[in-house]
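Heads up, model13.pdb below (PDB, C-alpha atoms):
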ATOM      1  CA  MET A   1     -10.497 -23.046  10.782
ATOM      2  CA  ASN A   2     -12.246 -21.657  13.837
ATOM      3  CA  PRO A   3     -15.007 -19.134  12.814
ATOM      4  CA  LEU A   4     -13.693 -16.689  15.413
ATOM      5  CA  SER A   5     -10.341 -16.839  13.656
ATOM      6  CA  LEU A   6     -11.907 -15.149  10.638
ATOM      7  CA  LEU A   7     -13.174 -12.281  12.786
ATOM      8  CA  PHE A   8      -9.844 -11.621  14.493
ATOM      9  CA  TYR A   9      -7.346 -12.651  11.796
ATOM     10  CA  THR A  10      -5.048  -9.867  10.657
ATOM     11  CA  HIS A  11      -1.701  -9.597   8.935
ATOM     12  CA  LYS A  12       1.359  -8.261  10.671
ATOM     13  CA  THR A  13       1.414  -5.081   8.605
ATOM     14  CA  LEU A  14       1.648  -1.452   9.556
ATOM     15  CA  ALA A  15      -0.724   0.163   6.997
ATOM     16  CA  PRO A  16      -3.984  -1.019   8.624
ATOM     17  CA  THR A  17      -2.571  -0.027  12.015
ATOM     18  CA  VAL A  18      -1.957   3.541  10.850
ATOM     19  CA  LEU A  19      -5.395   3.704   9.215
ATOM     20  CA  ARG A  20      -7.058   2.273  12.330
ATOM     21  CA  LEU A  21      -5.363   4.743  14.694
ATOM     22  CA  ALA A  22      -6.164   7.732  12.458
ATOM     23  CA  PHE A  23      -9.771   6.564  12.212
ATOM     24  CA  ALA A  24      -9.983   6.138  16.001
ATOM     25  CA  THR A  25      -8.693   9.681  16.489
ATOM     26  CA  LEU A  26     -11.304  11.019  14.083
ATOM     27  CA  TYR A  27     -14.043   9.165  15.950
ATOM     28  CA  LEU A  28     -12.745  10.440  19.299
ATOM     29  CA  PHE A  29     -13.126  14.019  18.045
ATOM     30  CA  HIS A  30     -16.612  13.192  16.779
ATOM     31  CA  ALA A  31     -17.637  11.667  20.119
ATOM     32  CA  GLY A  32     -16.110  14.628  21.961
ATOM     33  CA  GLN A  33     -18.322  16.979  19.984
ATOM     34  CA  LYS A  34     -21.488  15.049  20.708
ATOM     35  CA  PHE A  35     -20.835  14.195  24.345
ATOM     36  CA  LEU A  36     -18.744  17.007  25.731
ATOM     37  CA  GLY A  37     -19.402  19.879  23.343
ATOM     38  CA  LEU A  38     -15.717  19.996  22.400
ATOM     39  CA  PHE A  39     -14.426  21.288  19.059
ATOM     40  CA  GLY A  40     -17.579  23.307  18.366
ATOM     41  CA  GLY A  41     -19.937  20.429  19.095
ATOM     42  CA  SER A  42     -23.339  20.729  20.694
ATOM     43  CA  GLY A  43     -22.806  18.496  23.734
ATOM     44  CA  LEU A  44     -24.864  15.600  25.020
ATOM     45  CA  GLU A  45     -28.046  17.469  25.963
ATOM     46  CA  LYS A  46     -28.486  19.167  22.583
ATOM     47  CA  THR A  47     -27.381  16.050  20.705
ATOM     48  CA  TRP A  48     -29.937  13.946  22.593
ATOM     49  CA  GLU A  49     -32.631  16.532  21.935
ATOM     50  CA  SER A  50     -31.935  16.652  18.194
ATOM     51  CA  MET A  51     -31.819  12.854  17.928
ATOM     52  CA  THR A  52     -35.063  12.189  19.788
ATOM     53  CA  SER A  53     -37.078  15.239  18.739
ATOM     54  CA  PRO A  54     -39.866  14.377  16.267
ATOM     55  CA  GLU A  55     -39.101  17.629  14.423
ATOM     56  CA  ALA A  56     -35.468  16.622  13.921
ATOM     57  CA  MET A  57     -34.352  12.984  13.582
ATOM     58  CA  GLY A  58     -37.199  11.443  15.557
ATOM     59  CA  MET A  59     -35.264   8.476  16.923
ATOM     60  CA  THR A  60     -36.624   6.450  19.781
ATOM     61  CA  ALA A  61     -34.713   6.698  23.053
ATOM     62  CA  THR A  62     -33.437   3.144  22.548
ATOM     63  CA  VAL A  63     -32.067   3.835  19.070
ATOM     64  CA  ALA A  64     -30.537   7.153  20.153
ATOM     65  CA  THR A  65     -28.867   5.447  23.110
ATOM     66  CA  LEU A  66     -27.439   2.714  20.867
ATOM     67  CA  VAL A  67     -26.149   5.277  18.369
ATOM     68  CA  LEU A  68     -24.486   7.367  21.061
ATOM     69  CA  LEU A  69     -23.073   4.315  22.815
ATOM     70  CA  SER A  70     -21.597   3.049  19.562
ATOM     71  CA  GLU A  71     -19.990   6.418  18.893
ATOM     72  CA  VAL A  72     -18.228   6.214  22.251
ATOM     73  CA  LEU A  73     -17.183   2.552  22.053
ATOM     74  CA  ILE A  74     -16.004   2.579  18.424
ATOM     75  CA  PRO A  75     -12.920   4.759  18.958
ATOM     76  CA  PHE A  76     -11.790   2.717  21.957
ATOM     77  CA  PHE A  77     -12.199  -0.586  20.106
ATOM     78  CA  LEU A  78     -10.269   0.906  17.180
ATOM     79  CA  LEU A  79      -7.495   2.277  19.397
ATOM     80  CA  VAL A  80      -6.745  -1.098  20.944
ATOM     81  CA  GLY A  81      -7.545  -2.993  17.751
ATOM     82  CA  PHE A  82     -10.267  -5.209  19.187
ATOM     83  CA  ALA A  83     -12.900  -6.784  16.891
ATOM     84  CA  VAL A  84     -12.007  -4.291  14.157
ATOM     85  CA  ARG A  85     -13.869  -6.200  11.442
ATOM     86  CA  LEU A  86     -17.050  -6.267  13.527
ATOM     87  CA  VAL A  87     -16.633  -2.593  14.431
ATOM     88  CA  SER A  88     -16.110  -1.775  10.746
ATOM     89  CA  MET A  89     -19.404  -3.445   9.835
ATOM     90  CA  GLY A  90     -21.112  -1.405  12.552
ATOM     91  CA  ILE A  91     -19.559   1.812  11.233
ATOM     92  CA  MET A  92     -20.735   1.025   7.715
ATOM     93  CA  ALA A  93     -24.291   0.349   8.942
ATOM     94  CA  HIS A  94     -24.176   3.573  10.973
ATOM     95  CA  MET A  95     -23.090   5.575   7.914
ATOM     96  CA  VAL A  96     -25.753   4.008   5.677
ATOM     97  CA  ALA A  97     -28.360   5.039   8.246
ATOM     98  CA  ALA A  98     -26.870   8.541   8.408
ATOM     99  CA  LEU A  99     -26.906   8.848   4.603
ATOM    100  CA  LEU A 100     -30.567   7.801   4.521
ATOM    101  CA  THR A 101     -31.624  10.203   7.279
ATOM    102  CA  VAL A 102     -29.336  13.105   8.162
ATOM    103  CA  TYR A 103     -27.690  13.450   4.743
ATOM    104  CA  ASN A 104     -30.757  12.538   2.670
ATOM    105  CA  GLY A 105     -31.392  15.072  -0.075
ATOM    106  CA  LEU A 106     -28.057  16.826   0.324
ATOM    107  CA  THR A 107     -25.544  17.305  -2.466
ATOM    108  CA  PHE A 108     -22.717  14.871  -3.108
ATOM    109  CA  ALA A 109     -20.238  17.392  -1.669
ATOM    110  CA  GLU A 110     -22.178  17.326   1.609
ATOM    111  CA  LYS A 111     -22.124  13.510   1.638
ATOM    112  CA  GLU A 112     -18.362  13.192   1.157
ATOM    113  CA  PHE A 113     -17.553  12.665   4.833
ATOM    114  CA  PRO A 114     -19.872   9.699   5.506
ATOM    115  CA  LEU A 115     -18.812   8.160   2.181
ATOM    116  CA  PHE A 116     -15.157   8.522   3.169
ATOM    117  CA  VAL A 117     -15.912   6.982   6.564
ATOM    118  CA  MET A 118     -17.611   4.045   4.823
ATOM    119  CA  ALA A 119     -14.623   3.563   2.502
ATOM    120  CA  THR A 120     -12.231   3.614   5.456
ATOM    121  CA  ALA A 121     -14.379   1.112   7.355
ATOM    122  CA  LEU A 122     -14.449  -1.124   4.262
ATOM    123  CA  ALA A 123     -10.648  -1.010   4.051
ATOM    124  CA  LEU A 124     -10.399  -2.075   7.712
ATOM    125  CA  LEU A 125     -13.020  -4.775   7.164
ATOM    126  CA  ILE A 126     -10.843  -6.234   4.412
ATOM    127  CA  ALA A 127      -7.408  -5.715   5.997
ATOM    128  CA  GLY A 128      -8.179  -6.256   9.664
ATOM    129  CA  ALA A 129      -6.536  -4.425  12.554
ATOM    130  CA  GLY A 130      -2.921  -4.879  11.475
ATOM    131  CA  SER A 131       0.063  -5.142  13.764
ATOM    132  CA  PHE A 132      -0.004  -3.810  17.333
ATOM    133  CA  SER A 133      -3.603  -4.861  17.987
ATOM    134  CA  LEU A 134      -5.546  -7.128  20.280
ATOM    135  CA  ASP A 135      -6.960  -8.825  17.181
ATOM    136  CA  ARG A 136      -3.411  -9.816  16.205
ATOM    137  CA  LYS A 137      -2.777 -11.329  19.631
ATOM    138  CA  ILE A 138      -6.132 -13.138  19.636
ATOM    139  CA  SER A 139      -5.652 -14.475  16.093
ATOM    140  CA  ARG A 140      -2.275 -15.919  17.032
ATOM    141  CA  VAL A 141      -3.908 -17.812  19.916
ATOM    142  CA  LEU A 142      -6.849 -19.035  17.805
ATOM    143  CA  SER A 143      -4.718 -19.999  14.785
ATOM    144  CA  PRO A 144      -1.267 -21.161  15.846
ATOM    145  CA  THR A 145       1.658 -20.543  13.503
ATOM    146  CA  THR A 146       1.864 -22.777  10.470
ATOM    147  CA  PHE A 147       4.963 -23.447   8.466
ATOM    148  CA  SER A 148       5.440 -23.741   4.734
ATOM    149  CA  LEU A 149       7.524 -26.771   3.838
ATOM    150  CA  ARG A 150       8.826 -25.122   0.672
ATOM    151  CA  THR A 151      10.101 -21.845   2.077
ATOM    152  CA  ARG A 152      10.154 -22.549   5.804
ATOM    153  CA  GLU A 153       8.628 -19.116   6.353
ATOM    154  CA  ARG A 154       6.241 -18.468   9.148
ATOM    155  CA  TYR A 155       2.770 -17.386   8.210
ATOM    156  CA  TYR A 156       0.610 -15.703  10.791
TER     157      TYR A 156
END
Any chance you could put this one into C-alpha cells?
Amino acid sequence: MNPLSLLFYTHKTLAPTVLRLAFATLYLFHAGQKFLGLFGGSGLEKTWESMTSPEAMGMTATVATLVLLSEVLIPFFLLVGFAVRLVSMGIMAHMVAALLTVYNGLTFAEKEFPLFVMATALALLIAGAGSFSLDRKISRVLSPTTFSLRTRERYY
C-alpha cells in the first residue's frame, strides 16, 4: 500500500464529515477573534503583542507566525477535508503546547476546551475526513477499488 494512502484514506461515512465541519467552524471563529477582532476577540495587533511580549507568552516572531498561520490554514483544510489526519496531528501538538504554556497552572475546568479540541482532533486522526472530502477523492485515486470475492461488495 502506498504510504500516502494511509494519510488520505477515509471511509465513506457521514459522522467524521459532520465532526470535521463543526470543528472547522469552531476554528474559523477562533481565527476570526485573533485576526479580525470578531466575536469579542483582540485582533491581530493585540494577539501578536501578547504572543511575542516577554511579559506574556514570549514567543519568537517565527513561532508566533507559525502559530497564527496554522490557526488560519487549519479551518480551511478541515472545511475541504484535505490532509485531515496531518492537520489533526498539528492541532494536537498545538493544544499540548497551549496546555503547557497558556493553560499551565489553571484548574481542570479552565482546561476543558483545549482537552476537548484534542479529543476531537484524535477522533479525526482515527476516522479520517469522511465522505465529501478531498481526502476521499485522493484516497480513491491512490488506492483503486478492490472487490471481495465472497460478498462482491466494493470496499473503498
Any idea what the distance is between CA of Leu36 (chain A) and CA of Leu19 (chain A)?
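Going from CA of Leu36 (chain A) over to CA of Leu19 (chain A) covers 25.1 Å.
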Once the PyMOL selection byres ((chain A and resi 94) around 12) has been evaluated on this model, what residues remain selected, and can you format them as an mmCIF file with C-alpha atoms, keeping the file's coordinate frame?
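Full text of out05.cif as output:
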data_model
loop_
_atom_site.group_PDB
_atom_site.id
_atom_site.type_symbol
_atom_site.label_atom_id
_atom_site.label_comp_id
_atom_site.auth_asym_id
_atom_site.auth_seq_id
_atom_site.Cartn_x
_atom_site.Cartn_y
_atom_site.Cartn_z
ATOM 1 C CA VAL A 63 -32.067 3.835 19.070
ATOM 2 C CA ALA A 64 -30.537 7.153 20.153
ATOM 3 C CA LEU A 66 -27.439 2.714 20.867
ATOM 4 C CA VAL A 67 -26.149 5.277 18.369
ATOM 5 C CA LEU A 68 -24.486 7.367 21.061
ATOM 6 C CA LEU A 69 -23.073 4.315 22.815
ATOM 7 C CA SER A 70 -21.597 3.049 19.562
ATOM 8 C CA GLU A 71 -19.990 6.418 18.893
ATOM 9 C CA ILE A 74 -16.004 2.579 18.424
ATOM 10 C CA VAL A 87 -16.633 -2.593 14.431
ATOM 11 C CA SER A 88 -16.110 -1.775 10.746
ATOM 12 C CA MET A 89 -19.404 -3.445 9.835
ATOM 13 C CA GLY A 90 -21.112 -1.405 12.552
ATOM 14 C CA ILE A 91 -19.559 1.812 11.233
ATOM 15 C CA MET A 92 -20.735 1.025 7.715
ATOM 16 C CA ALA A 93 -24.291 0.349 8.942
ATOM 17 C CA MET A 95 -23.090 5.575 7.914
ATOM 18 C CA VAL A 96 -25.753 4.008 5.677
ATOM 19 C CA ALA A 97 -28.360 5.039 8.246
ATOM 20 C CA ALA A 98 -26.870 8.541 8.408
ATOM 21 C CA LEU A 99 -26.906 8.848 4.603
ATOM 22 C CA LEU A 100 -30.567 7.801 4.521
ATOM 23 C CA THR A 101 -31.624 10.203 7.279
ATOM 24 C CA VAL A 102 -29.336 13.105 8.162
ATOM 25 C CA PRO A 114 -19.872 9.699 5.506
ATOM 26 C CA LEU A 115 -18.812 8.160 2.181
ATOM 27 C CA VAL A 117 -15.912 6.982 6.564
ATOM 28 C CA MET A 118 -17.611 4.045 4.823
ATOM 29 C CA ALA A 121 -14.379 1.112 7.355
#
Atom pair CA of Gly128 (chain A) / CA of Pro3 (chain A): separation (Å):
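Between CA of Gly128 (chain A) and CA of Pro3 (chain A) the gap works out to 14.9 Å.
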Between CA of Leu73 (chain A) and CA of Ala31 (chain A) - distance in Å to one decimal:
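Computing the Euclidean distance for CA of Ala31 (chain A) and CA of Leu73 (chain A) yields 9.3 Å.
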Considering all atoms listed in the file, give me a table of residues in region 98-146 of chain A that are at most 12 Å from region 7-14 of chain A, with the closest atom pair and distance in Å for each, as a tab-separated table.
residue	atom	partner	partner_atom	distance
A:Leu124	CA	A:Thr10	CA	9.9
A:Leu125	CA	A:Leu7	CA	9.4
A:Ile126	CA	A:Thr10	CA	9.3
A:Ala127	CA	A:Thr10	CA	6.7
A:Gly128	CA	A:Thr10	CA	4.9
A:Ala129	CA	A:Thr10	CA	6.0
A:Gly130	CA	A:Thr13	CA	5.2
A:Ser131	CA	A:Lys12	CA	4.6
A:Phe132	CA	A:Lys12	CA	8.1
A:Ser133	CA	A:Thr10	CA	9.0
A:Leu134	CA	A:Phe8	CA	8.5
A:Asp135	CA	A:Phe8	CA	4.8
A:Arg136	CA	A:Thr10	CA	5.8
A:Lys137	CA	A:Phe8	CA	8.7
A:Ile138	CA	A:Phe8	CA	6.5
A:Ser139	CA	A:Tyr9	CA	5.0
A:Arg140	CA	A:Tyr9	CA	8.0
A:Val141	CA	A:Phe8	CA	10.1
A:Leu142	CA	A:Phe8	CA	8.7
A:Ser143	CA	A:Tyr9	CA	8.4
A:Pro144	CA	A:Tyr9	CA	11.2
Exercise: Trp48 (chain A) partners within 10 Å, all atoms listed in the file, chain neighbours under 6 positions left out, as an NGL selection string
:A and (34-35 or 42 or 59 or 61 or 64-65 or 68)
To test your reading of the syntax: which residues would the PyMOL selection byres ((chain A and resi 75-80) around 6) return for the file shown? Reply as a PyMOL selection string.
chain A and resi 20-21+24+27-28+73-74+81-82+133
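Nearest to Phe23 (chain A) of all the residues A:Val84, A:Gly43, A:Asn104, A:Ala109 is A:Val84, counting all atoms listed in the file.
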